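Peer 1: Take this structure, written in structure tokens, and hold onto it; I'll ask about it next.
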Amino acid sequence: MVAPPPARDAAAAEASTSTAAGEHRARLRWAVNTTRWTPRDDHDGDEFRFLLDLLPPNERADVVKMVHMADKKRAIASRLLQRMVCHRVTGVPHADVTIKRTKGRKPFLSREAPARGDGATTTNTTTVPTVPTMPDARNFNFNVSHEGDFVVLASEPDVVVGVDVAAPGQARRRGKDGRTPTAEEMLRTFSSVFTEREKDAVRAGGATDDERETVFRQLWSLKEALVKAMGPLGASVGGGGGGPPGVGTHWVTVARGPTRDVVDANGEFLKTLARMTFTAEEWVDAVDAPSPPFALLTIGDLVPEALRSAYEDAGGEVF
């Protein structure tokens with residue numbers, strides 16, 4: 001597993017979310033550790049309520065319906081990551097960003113602004129296109145995942161992207177009988193999902209079930225990322241995806257795939273992709289482009305710059 005991202009320093013948020021030389025402005029990898037974020041008074045406090053107000057009503061409802069505070073934190077971090085990456089890449093005002101989902105629940109940026117009352121603070125009275133044409137990112141899309149300590153996001157300018165984070169201990173949870181399943185029992189449970197070669201890789205992953213679970217978790221993450229990129233029946237990624245960097249003890253996979261193999265039952269996501277054909281050389285260049293390391297962000301980084309002072313007044317921290 002690749003080493004985790006470096007600890008965050010005191011640099012401004014703009015620096016932490018910028019791309020290094022040679023990288024693409026729309027090819028981003030962001031991660032937030034939600035266990036390190038402890039809003040005062042939990043979901044009833046001013047800080048959490050401030051953040052909820054940054055979301056449109058439907059997204060706020062998705063967050064508050066969560067029963068446990070840990071799930072609420074992951075849910076709001078995920079939605080703030082999505083809105084910030086769309087705002088950062090496209091220049092659309094944060095309040096006018098509209099996130100829709102495919103039938104398979106893949107989030108994507110709508111190319112139309114919400115009508116009044118549908119957005120967080122938008123004043124639009126009609127539905128009008130707001131996302132500018134981006135010649136360098138005609139197929140801008142993103143994906144998110146959360147498990148354990150982290151919420152992660154990956155975005156791409158041309159190819160379709162999926163991301164998955166797998167936390168330790170999640171694959172072998174105790175059952176109702178109080179037992180923790182063995183690696184071999186897990187393989188039997190998911191026998192239809194793994195190939196014989198993959199099963200052999202899990203068995204050869206180490207001398208203990210914990211070691212074998214690590215290999216199981218990595219393979220499962222690869223499959224999850226691919227499905228999240230292409231859809232539940234998508235074809236395999238022709239040239240493979242980005243490498244799976246580690247975030248601490250968590251395993252993160254980024255999958256990149258061709259637009260032609262996307263499964264989108266309702267067709268709305270496909271309509272946001274302006275370029276559907278590539279030459280063989282262009283495809284290889286796009287799918288094999290260097291995948292940047294994950295930048296570790298804070299919740300404060302996900303607040304629009306103009307509102308960060310007000311966020312601090314509500315009890316939030318901006319570094």
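All residue names refer to the structure tokens as shown: chains lettered A, B, ... in order, residues numbered from 1 in each chain, ligands numbered from 1 in order.
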Could you pull the residues within 10 Å of A:Leu54, counting only C-alpha atoms, minus those fewer than 2 positions along the same chain, as an MDAnalysis selection string?

Peer 2: chainID A and resid 49:52 56:57 59:60 76 79:80 83 94:95 119:121 303:304 307

Peer 1: If you run DSSP over the backbone, which residues in stretch 14-209 of chain A end up alpha helix (DSSP H)? Put them as number ranges by chain.

Peer 2: A: 14-16, 46-52, 57-64, 69-90, 183-189, 196-203, 209

Peer 1: Write out, as JSON lines, each residue of stretch 212-300 of chain A that has an atom at most 8 Å from stretch 103-112 of chain A, together with the closest pair of atoms and their distance in Å to one decimal, counting only C-alpha atoms, rows going by chain and rising number.

Peer 2:
```
{"residue": "A:Lys228", "atom": "CA", "partner": "A:Lys106", "partner_atom": "CA", "distance": 6.7}
{"residue": "A:Gly231", "atom": "CA", "partner": "A:Gly104", "partner_atom": "CA", "distance": 6.7}
{"residue": "A:Pro232", "atom": "CA", "partner": "A:Gly104", "partner_atom": "CA", "distance": 7.1}
{"residue": "A:Asp264", "atom": "CA", "partner": "A:Lys103", "partner_atom": "CA", "distance": 7.0}
{"residue": "A:Ala265", "atom": "CA", "partner": "A:Lys103", "partner_atom": "CA", "distance": 6.3}
{"residue": "A:Asn266", "atom": "CA", "partner": "A:Lys103", "partner_atom": "CA", "distance": 6.6}
{"residue": "A:Phe269", "atom": "CA", "partner": "A:Phe108", "partner_atom": "CA", "distance": 6.6}
{"residue": "A:Thr272", "atom": "CA", "partner": "A:Arg111", "partner_atom": "CA", "distance": 6.6}
```

Peer 1: Pick out the residues sitting within 12 Å of A:Glu184, and hand them over as a list of chain:residue names; count only C-alpha atoms, and ignore anything fewer than 5 positions along from it in its own chain.

Peer 2: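 Everything that qualifies: A:Arg172, A:Thr189, A:Phe190, A:Ser191, A:Lys199, A:Asp200, A:Ala201, A:Val202, A:Arg203, A:Ala204, A:Gly205, A:Thr208, A:Asp209, A:Asp210, A:Arg212, A:Glu213, A:Phe216.
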
Peer 1: For a quick check of understanding, using only C-alpha atoms, which of A:Leu296, A:Leu273, A:Ala183, A:Leu219 has the smallest distance to A:Gly206?

Peer 2: A:Ala183

Peer 1: Find the spatial neighbours of A:Ser309, counting only C-alpha atoms, within a cut-off of 12 Å - ignore same-chain residues fewer than 6 positions away - and output them as a PDB file with N, CA, C and O atoms, in the first residue's frame.

Peer 2:
```
ATOM      1  N   PHE A  50     -24.960  25.524  10.114  1.00  0.00           N
ATOM      2  CA  PHE A  50     -24.403  26.422   9.095  1.00  0.00           C
ATOM      3  C   PHE A  50     -24.089  25.627   7.823  1.00  0.00           C
ATOM      4  O   PHE A  50     -24.422  26.040   6.711  1.00  0.00           O
ATOM      5  N   GLY A 300     -13.495  22.899   6.761  1.00  0.00           N
ATOM      6  CA  GLY A 300     -13.393  24.324   6.450  1.00  0.00           C
ATOM      7  C   GLY A 300     -13.012  24.596   5.014  1.00  0.00           C
ATOM      8  O   GLY A 300     -13.418  25.614   4.429  1.00  0.00           O
ATOM      9  N   VAL A 303     -16.042  24.988   2.590  1.00  0.00           N
ATOM     10  CA  VAL A 303     -16.934  26.139   2.723  1.00  0.00           C
ATOM     11  C   VAL A 303     -16.511  27.188   1.699  1.00  0.00           C
ATOM     12  O   VAL A 303     -15.305  27.445   1.548  1.00  0.00           O
ATOM     13  N   GLY A 315     -18.556  28.621  14.836  1.00  0.00           N
ATOM     14  CA  GLY A 315     -17.798  27.625  15.590  1.00  0.00           C
ATOM     15  C   GLY A 315     -16.897  26.752  14.762  1.00  0.00           C
ATOM     16  O   GLY A 315     -16.183  25.890  15.298  1.00  0.00           O
ATOM     17  N   GLY A 316     -16.894  26.936  13.442  1.00  0.00           N
ATOM     18  CA  GLY A 316     -16.044  26.129  12.575  1.00  0.00           C
ATOM     19  C   GLY A 316     -14.606  26.597  12.575  1.00  0.00           C
ATOM     20  O   GLY A 316     -14.298  27.717  13.006  1.00  0.00           O
ATOM     21  N   GLU A 317     -13.724  25.744  12.086  1.00  0.00           N
ATOM     22  CA  GLU A 317     -12.305  26.059  12.015  1.00  0.00           C
ATOM     23  C   GLU A 317     -11.866  26.149  10.559  1.00  0.00           C
ATOM     24  O   GLU A 317     -12.179  25.276   9.754  1.00  0.00           O
ATOM     25  N   VAL A 318     -11.125  27.212  10.222  1.00  0.00           N
ATOM     26  CA  VAL A 318     -10.538  27.396   8.906  1.00  0.00           C
ATOM     27  C   VAL A 318      -9.046  27.578   9.103  1.00  0.00           C
ATOM     28  O   VAL A 318      -8.625  28.506   9.813  1.00  0.00           O
ATOM     29  N   PHE A 319      -8.255  26.710   8.496  1.00  0.00           N
ATOM     30  CA  PHE A 319      -6.809  26.743   8.705  1.00  0.00           C
ATOM     31  C   PHE A 319      -6.139  27.511   7.575  1.00  0.00           C
ATOM     32  O   PHE A 319      -6.607  27.529   6.465  1.00  0.00           O
TER      33      PHE A 319
END
```

Peer 1: Nearest residue to A:Phe294 out of A:Leu55, A:Ala166, A:Val89, A:Val254, using only C-alpha atoms?

Peer 2: A:Val254

Peer 1: May I have all residues of stretch 72-273 of chain A that DSSP, computed from the backbone, assigns to strand (DSSP E), given as a CSV table (one decimal) with all heavy atoms, in the first residue's frame?

Peer 2:
```csv
chain,number,residue,atom,x,y,z
A,99,ILE,N,-26.6,19.0,-8.1
A,99,ILE,CA,-26.1,17.6,-8.2
A,99,ILE,C,-27.3,16.7,-8.5
A,99,ILE,O,-28.3,16.7,-7.7
A,99,ILE,CB,-25.4,17.2,-6.9
A,99,ILE,CG1,-24.2,18.1,-6.6
A,99,ILE,CG2,-24.9,15.7,-7.1
A,99,ILE,CD1,-23.1,18.2,-7.6
A,100,LYS,N,-27.3,15.9,-9.5
A,100,LYS,CA,-28.3,14.9,-9.8
A,100,LYS,C,-27.7,13.5,-9.6
A,100,LYS,O,-26.4,13.4,-9.5
A,100,LYS,CB,-28.9,15.1,-11.1
A,100,LYS,CG,-29.8,16.3,-11.2
A,100,LYS,CD,-30.5,16.4,-12.6
A,100,LYS,CE,-31.4,17.6,-12.7
A,100,LYS,NZ,-32.2,17.6,-13.9
A,101,ARG,N,-28.5,12.5,-9.7
A,101,ARG,CA,-28.0,11.1,-9.6
A,101,ARG,C,-28.6,10.2,-10.7
A,101,ARG,O,-29.7,10.4,-11.1
A,101,ARG,CB,-28.3,10.5,-8.2
A,101,ARG,CG,-27.5,11.1,-7.1
A,101,ARG,CD,-27.8,10.5,-5.8
A,101,ARG,NE,-27.0,11.1,-4.7
A,101,ARG,CZ,-25.8,10.6,-4.3
A,101,ARG,NH1,-25.3,9.6,-4.9
A,101,ARG,NH2,-25.2,11.2,-3.3
A,107,PRO,N,-23.5,10.2,-8.6
A,107,PRO,CA,-23.8,11.7,-8.7
A,107,PRO,C,-23.1,12.3,-9.9
A,107,PRO,O,-22.1,11.9,-10.3
A,107,PRO,CB,-23.1,12.2,-7.4
A,107,PRO,CG,-22.0,11.2,-7.1
A,107,PRO,CD,-22.5,9.9,-7.6
A,108,PHE,N,-23.7,13.4,-10.4
A,108,PHE,CA,-23.1,14.1,-11.5
A,108,PHE,C,-23.6,15.5,-11.5
A,108,PHE,O,-24.7,15.9,-10.9
A,108,PHE,CB,-23.5,13.5,-12.8
A,108,PHE,CG,-24.9,13.4,-13.2
A,108,PHE,CD1,-25.5,14.4,-14.0
A,108,PHE,CD2,-25.8,12.4,-12.8
A,108,PHE,CE1,-26.8,14.4,-14.3
A,108,PHE,CE2,-27.1,12.4,-13.1
A,108,PHE,CZ,-27.6,13.4,-13.9
A,109,LEU,N,-22.9,16.4,-12.1
A,109,LEU,CA,-23.2,17.8,-12.2
A,109,LEU,C,-24.3,18.1,-13.2
A,109,LEU,O,-24.0,17.8,-14.4
A,109,LEU,CB,-22.0,18.7,-12.4
A,109,LEU,CG,-22.2,20.2,-12.7
A,109,LEU,CD1,-22.8,20.8,-11.5
A,109,LEU,CD2,-20.9,20.8,-13.1
A,141,ASN,N,-16.4,14.9,-14.7
A,141,ASN,CA,-17.3,14.1,-13.8
A,141,ASN,C,-16.5,13.7,-12.6
A,141,ASN,O,-15.3,13.8,-12.5
A,141,ASN,CB,-17.9,12.9,-14.6
A,141,ASN,CG,-16.8,11.8,-14.9
A,141,ASN,OD1,-16.8,10.7,-14.3
A,141,ASN,ND2,-15.9,12.1,-15.8
A,142,PHE,N,-17.2,13.2,-11.6
A,142,PHE,CA,-16.6,12.9,-10.3
A,142,PHE,C,-17.3,11.7,-9.7
A,142,PHE,O,-18.4,11.3,-10.1
A,142,PHE,CB,-16.6,14.1,-9.4
A,142,PHE,CG,-18.0,14.6,-9.1
A,142,PHE,CD1,-18.8,14.1,-8.0
A,142,PHE,CD2,-18.7,15.5,-10.0
A,142,PHE,CE1,-20.1,14.5,-7.8
A,142,PHE,CE2,-20.0,15.9,-9.7
A,142,PHE,CZ,-20.7,15.4,-8.7
A,143,ASN,N,-16.7,11.2,-8.6
A,143,ASN,CA,-17.3,10.2,-7.8
A,143,ASN,C,-16.9,10.3,-6.4
A,143,ASN,O,-15.8,10.8,-6.1
A,143,ASN,CB,-17.0,8.8,-8.4
A,143,ASN,CG,-18.0,7.7,-7.9
A,143,ASN,OD1,-17.6,6.7,-7.4
A,143,ASN,ND2,-19.3,7.9,-8.1
A,144,VAL,N,-17.7,9.8,-5.4
A,144,VAL,CA,-17.3,9.9,-4.0
A,144,VAL,C,-17.5,8.5,-3.3
A,144,VAL,O,-18.3,7.7,-3.9
A,144,VAL,CB,-18.2,10.9,-3.3
A,144,VAL,CG1,-17.8,12.3,-3.7
A,144,VAL,CG2,-19.7,10.7,-3.6
A,145,SER,N,-16.9,8.4,-2.2
A,145,SER,CA,-17.0,7.1,-1.4
A,145,SER,C,-16.7,7.5,0.0
A,145,SER,O,-15.9,8.4,0.3
A,145,SER,CB,-16.1,6.1,-1.9
A,145,SER,OG,-16.2,4.9,-1.2
A,146,HIS,N,-17.3,6.7,0.9
A,146,HIS,CA,-17.0,6.9,2.3
A,146,HIS,C,-17.1,5.6,3.1
A,146,HIS,O,-18.0,4.8,2.9
A,146,HIS,CB,-17.9,8.0,3.0
A,146,HIS,CG,-19.4,7.7,2.9
A,146,HIS,ND1,-20.0,6.8,3.7
A,146,HIS,CD2,-20.4,8.1,2.1
A,146,HIS,CE1,-21.3,6.7,3.4
A,146,HIS,NE2,-21.6,7.5,2.4
A,147,GLU,N,-16.2,5.4,4.0
A,147,GLU,CA,-16.2,4.3,4.9
A,147,GLU,C,-15.2,4.5,5.9
A,147,GLU,O,-14.1,5.0,5.7
A,147,GLU,CB,-15.9,3.0,4.1
A,147,GLU,CG,-16.1,1.7,5.0
A,147,GLU,CD,-16.1,0.4,4.2
A,147,GLU,OE1,-15.0,-0.1,4.1
A,147,GLU,OE2,-17.1,0.0,3.7
A,150,PHE,N,-12.8,8.0,6.5
A,150,PHE,CA,-12.6,8.9,5.4
A,150,PHE,C,-13.8,9.0,4.4
A,150,PHE,O,-14.5,8.0,4.2
A,150,PHE,CB,-11.4,8.5,4.5
A,150,PHE,CG,-10.1,8.8,5.2
A,150,PHE,CD1,-9.4,7.8,6.0
A,150,PHE,CD2,-9.5,10.0,5.1
A,150,PHE,CE1,-8.3,8.1,6.7
A,150,PHE,CE2,-8.3,10.3,5.8
A,150,PHE,CZ,-7.7,9.3,6.5
A,151,VAL,N,-13.9,10.2,3.9
A,151,VAL,CA,-14.8,10.4,2.7
A,151,VAL,C,-13.8,10.9,1.6
A,151,VAL,O,-13.0,11.8,1.8
A,151,VAL,CB,-15.8,11.5,2.9
A,151,VAL,CG1,-16.7,11.7,1.7
A,151,VAL,CG2,-16.7,11.2,4.1
A,152,VAL,N,-13.9,10.3,0.4
A,152,VAL,CA,-12.9,10.6,-0.6
A,152,VAL,C,-13.7,11.0,-1.9
A,152,VAL,O,-14.8,10.6,-2.1
A,152,VAL,CB,-12.0,9.4,-0.9
A,152,VAL,CG1,-11.2,9.0,0.3
A,152,VAL,CG2,-12.8,8.2,-1.4
A,153,LEU,N,-13.0,11.8,-2.7
A,153,LEU,CA,-13.6,12.2,-4.0
A,153,LEU,C,-12.5,12.1,-5.1
A,153,LEU,O,-11.3,12.4,-4.8
A,153,LEU,CB,-14.1,13.6,-3.9
A,153,LEU,CG,-14.6,14.2,-5.3
A,153,LEU,CD1,-15.9,15.1,-5.0
A,153,LEU,CD2,-13.5,15.1,-6.0
A,154,ALA,N,-12.9,11.7,-6.3
A,154,ALA,CA,-12.0,11.7,-7.5
A,154,ALA,C,-12.8,12.3,-8.6
A,154,ALA,O,-14.0,12.1,-8.8
A,154,ALA,CB,-11.5,10.3,-7.8
A,155,SER,N,-12.1,13.1,-9.4
A,155,SER,CA,-12.7,13.7,-10.6
A,155,SER,C,-11.8,13.6,-11.8
A,155,SER,O,-10.6,13.5,-11.6
A,155,SER,CB,-13.0,15.2,-10.3
A,155,SER,OG,-11.8,16.0,-10.2
A,156,GLU,N,-12.4,13.6,-13.0
A,156,GLU,CA,-11.6,13.5,-14.2
A,156,GLU,C,-12.2,14.4,-15.3
A,156,GLU,O,-13.4,14.7,-15.3
A,156,GLU,CB,-11.7,12.0,-14.7
A,156,GLU,CG,-10.9,11.0,-14.0
A,156,GLU,CD,-9.4,11.2,-14.3
A,156,GLU,OE1,-9.0,11.7,-15.4
A,156,GLU,OE2,-8.6,10.9,-13.4
A,160,VAL,N,-14.5,8.5,-17.6
A,160,VAL,CA,-15.5,8.4,-16.5
A,160,VAL,C,-14.8,7.8,-15.3
A,160,VAL,O,-14.0,6.8,-15.5
A,160,VAL,CB,-16.7,7.5,-16.9
A,160,VAL,CG1,-17.7,7.4,-15.8
A,160,VAL,CG2,-17.3,8.1,-18.2
A,161,VAL,N,-15.0,8.3,-14.1
A,161,VAL,CA,-14.3,7.9,-12.9
A,161,VAL,C,-15.2,7.3,-11.9
A,161,VAL,O,-16.3,7.7,-11.7
A,161,VAL,CB,-13.5,9.1,-12.4
A,161,VAL,CG1,-14.5,10.2,-11.8
A,161,VAL,CG2,-12.5,8.7,-11.3
A,162,GLY,N,-14.6,6.4,-11.1
A,162,GLY,CA,-15.3,5.8,-9.9
A,162,GLY,C,-14.2,5.7,-8.9
A,162,GLY,O,-13.0,5.5,-9.1
A,163,VAL,N,-14.7,5.8,-7.6
A,163,VAL,CA,-13.7,5.7,-6.5
A,163,VAL,C,-14.4,4.9,-5.4
A,163,VAL,O,-15.6,5.0,-5.2
A,163,VAL,CB,-13.3,7.1,-6.0
A,163,VAL,CG1,-14.5,7.9,-5.4
A,163,VAL,CG2,-12.1,7.0,-5.0
A,164,ASP,N,-13.5,4.2,-4.6
A,164,ASP,CA,-14.0,3.4,-3.5
A,164,ASP,C,-13.0,3.5,-2.4
A,164,ASP,O,-11.8,3.3,-2.7
A,164,ASP,CB,-14.3,2.0,-3.9
A,164,ASP,CG,-14.8,1.2,-2.7
A,164,ASP,OD1,-16.0,1.4,-2.3
A,164,ASP,OD2,-14.1,0.4,-2.1
A,165,VAL,N,-13.4,3.7,-1.2
A,165,VAL,CA,-12.5,3.6,0.0
A,165,VAL,C,-13.0,2.4,0.9
A,165,VAL,O,-14.2,2.3,1.1
A,165,VAL,CB,-12.5,4.9,0.8
A,165,VAL,CG1,-13.9,5.3,1.3
A,165,VAL,CG2,-11.5,4.8,2.0
A,166,ALA,N,-12.0,1.6,1.3
A,166,ALA,CA,-12.4,0.4,2.1
A,166,ALA,C,-11.6,0.5,3.4
A,166,ALA,O,-10.4,0.6,3.4
A,166,ALA,CB,-12.0,-0.9,1.3
A,246,GLY,N,-3.0,4.5,-0.6
A,246,GLY,CA,-3.5,4.2,0.7
A,246,GLY,C,-3.8,5.5,1.5
A,246,GLY,O,-3.0,6.5,1.3
A,247,VAL,N,-4.8,5.6,2.2
A,247,VAL,CA,-5.1,6.7,3.1
A,247,VAL,C,-5.0,6.1,4.5
A,247,VAL,O,-6.0,5.6,5.1
A,247,VAL,CB,-6.4,7.4,2.9
A,247,VAL,CG1,-6.6,8.5,3.8
A,247,VAL,CG2,-6.5,7.8,1.4
A,250,HIS,N,-6.6,2.7,5.4
A,250,HIS,CA,-7.7,2.5,4.5
A,250,HIS,C,-7.1,2.3,3.1
A,250,HIS,O,-6.1,2.8,2.8
A,250,HIS,CB,-8.6,3.8,4.5
A,250,HIS,CG,-9.4,4.0,5.7
A,250,HIS,ND1,-8.8,4.1,7.0
A,250,HIS,CD2,-10.7,4.2,6.0
A,250,HIS,CE1,-9.7,4.3,7.9
A,250,HIS,NE2,-10.9,4.3,7.3
A,251,TRP,N,-7.9,1.6,2.3
A,251,TRP,CA,-7.5,1.3,0.9
A,251,TRP,C,-8.4,2.1,-0.1
A,251,TRP,O,-9.6,2.0,0.1
A,251,TRP,CB,-7.5,-0.2,0.6
A,251,TRP,CG,-7.0,-0.5,-0.7
A,251,TRP,CD1,-7.7,-0.6,-1.9
A,251,TRP,CD2,-5.7,-0.8,-1.1
A,251,TRP,NE1,-6.9,-1.0,-2.9
A,251,TRP,CE2,-5.6,-1.1,-2.5
A,251,TRP,CE3,-4.5,-0.8,-0.4
A,251,TRP,CZ2,-4.4,-1.4,-3.1
A,251,TRP,CZ3,-3.3,-1.2,-1.0
A,251,TRP,CH2,-3.3,-1.5,-2.4
A,252,VAL,N,-7.8,2.9,-1.0
A,252,VAL,CA,-8.6,3.7,-1.9
A,252,VAL,C,-8.3,3.2,-3.3
A,252,VAL,O,-7.1,3.1,-3.7
A,252,VAL,CB,-8.3,5.2,-1.8
A,252,VAL,CG1,-9.2,6.0,-2.7
A,252,VAL,CG2,-8.5,5.6,-0.3
A,253,THR,N,-9.3,3.0,-4.1
A,253,THR,CA,-9.2,2.6,-5.5
A,253,THR,C,-9.8,3.7,-6.4
A,253,THR,O,-11.0,4.1,-6.1
A,253,THR,CB,-9.8,1.3,-5.8
A,253,THR,OG1,-9.2,0.3,-5.0
A,253,THR,CG2,-9.5,0.8,-7.3
A,254,VAL,N,-9.1,4.1,-7.5
A,254,VAL,CA,-9.7,5.0,-8.5
A,254,VAL,C,-9.8,4.2,-9.8
A,254,VAL,O,-8.7,3.6,-10.2
A,254,VAL,CB,-8.9,6.2,-8.7
A,254,VAL,CG1,-9.5,7.1,-9.8
A,254,VAL,CG2,-8.9,7.1,-7.4
A,255,ALA,N,-11.0,4.1,-10.4
A,255,ALA,CA,-11.1,3.4,-11.7
A,255,ALA,C,-11.5,4.4,-12.7
A,255,ALA,O,-12.3,5.3,-12.5
A,255,ALA,CB,-12.2,2.3,-11.6
A,256,ARG,N,-10.9,4.2,-13.9
A,256,ARG,CA,-11.2,5.1,-15.0
A,256,ARG,C,-11.6,4.3,-16.2
A,256,ARG,O,-11.0,3.3,-16.5
A,256,ARG,CB,-10.0,6.0,-15.4
A,256,ARG,CG,-9.6,6.9,-14.2
A,256,ARG,CD,-8.5,7.9,-14.6
A,256,ARG,NE,-7.2,7.3,-14.6
A,256,ARG,CZ,-6.1,8.0,-14.5
A,256,ARG,NH1,-6.1,9.3,-14.6
A,256,ARG,NH2,-4.9,7.4,-14.5
A,257,GLY,N,-12.7,4.7,-16.9
A,257,GLY,CA,-13.2,3.9,-18.0
A,257,GLY,C,-13.7,4.8,-19.1
A,257,GLY,O,-13.8,6.0,-19.1
```

Peer 1: Show me, as number ranges by chain, the residues that have an atom within 10 Å of A:Leu270 when counting only C-alpha atoms, minus same-chain residues fewer than 6 positions from it.

Peer 2: A: 102, 108, 139, 259-260, 262-264, 276

Peer 1: Using C-alpha atoms, can you write the selected residues to a file as a compact mmCIF listing (two decimals), in the first residue's frame?

Peer 2:
```
# COMPACT_ATOMS: atom_id res chain seq x y z
CA THR A 102 -28.29 8.32 -12.12
CA PHE A 108 -23.15 14.11 -11.48
CA ASN A 139 -16.50 15.28 -19.82
CA THR A 259 -17.55 6.92 -21.99
CA ARG A 260 -18.92 4.43 -24.53
CA VAL A 262 -21.28 3.82 -19.32
CA VAL A 263 -24.58 2.34 -18.15
CA ASP A 264 -27.10 5.15 -17.56
CA MET A 276 -18.02 10.34 -26.55
```

Peer 1: Can you tell me, as a VMD selection string, what residues are no more than 10 Å from A:Thr133 when counting only C-alpha atoms, ignoring any on the same chain fewer than 4 positions away?

Peer 2: chain A and resid 90 111 137 to 138 274
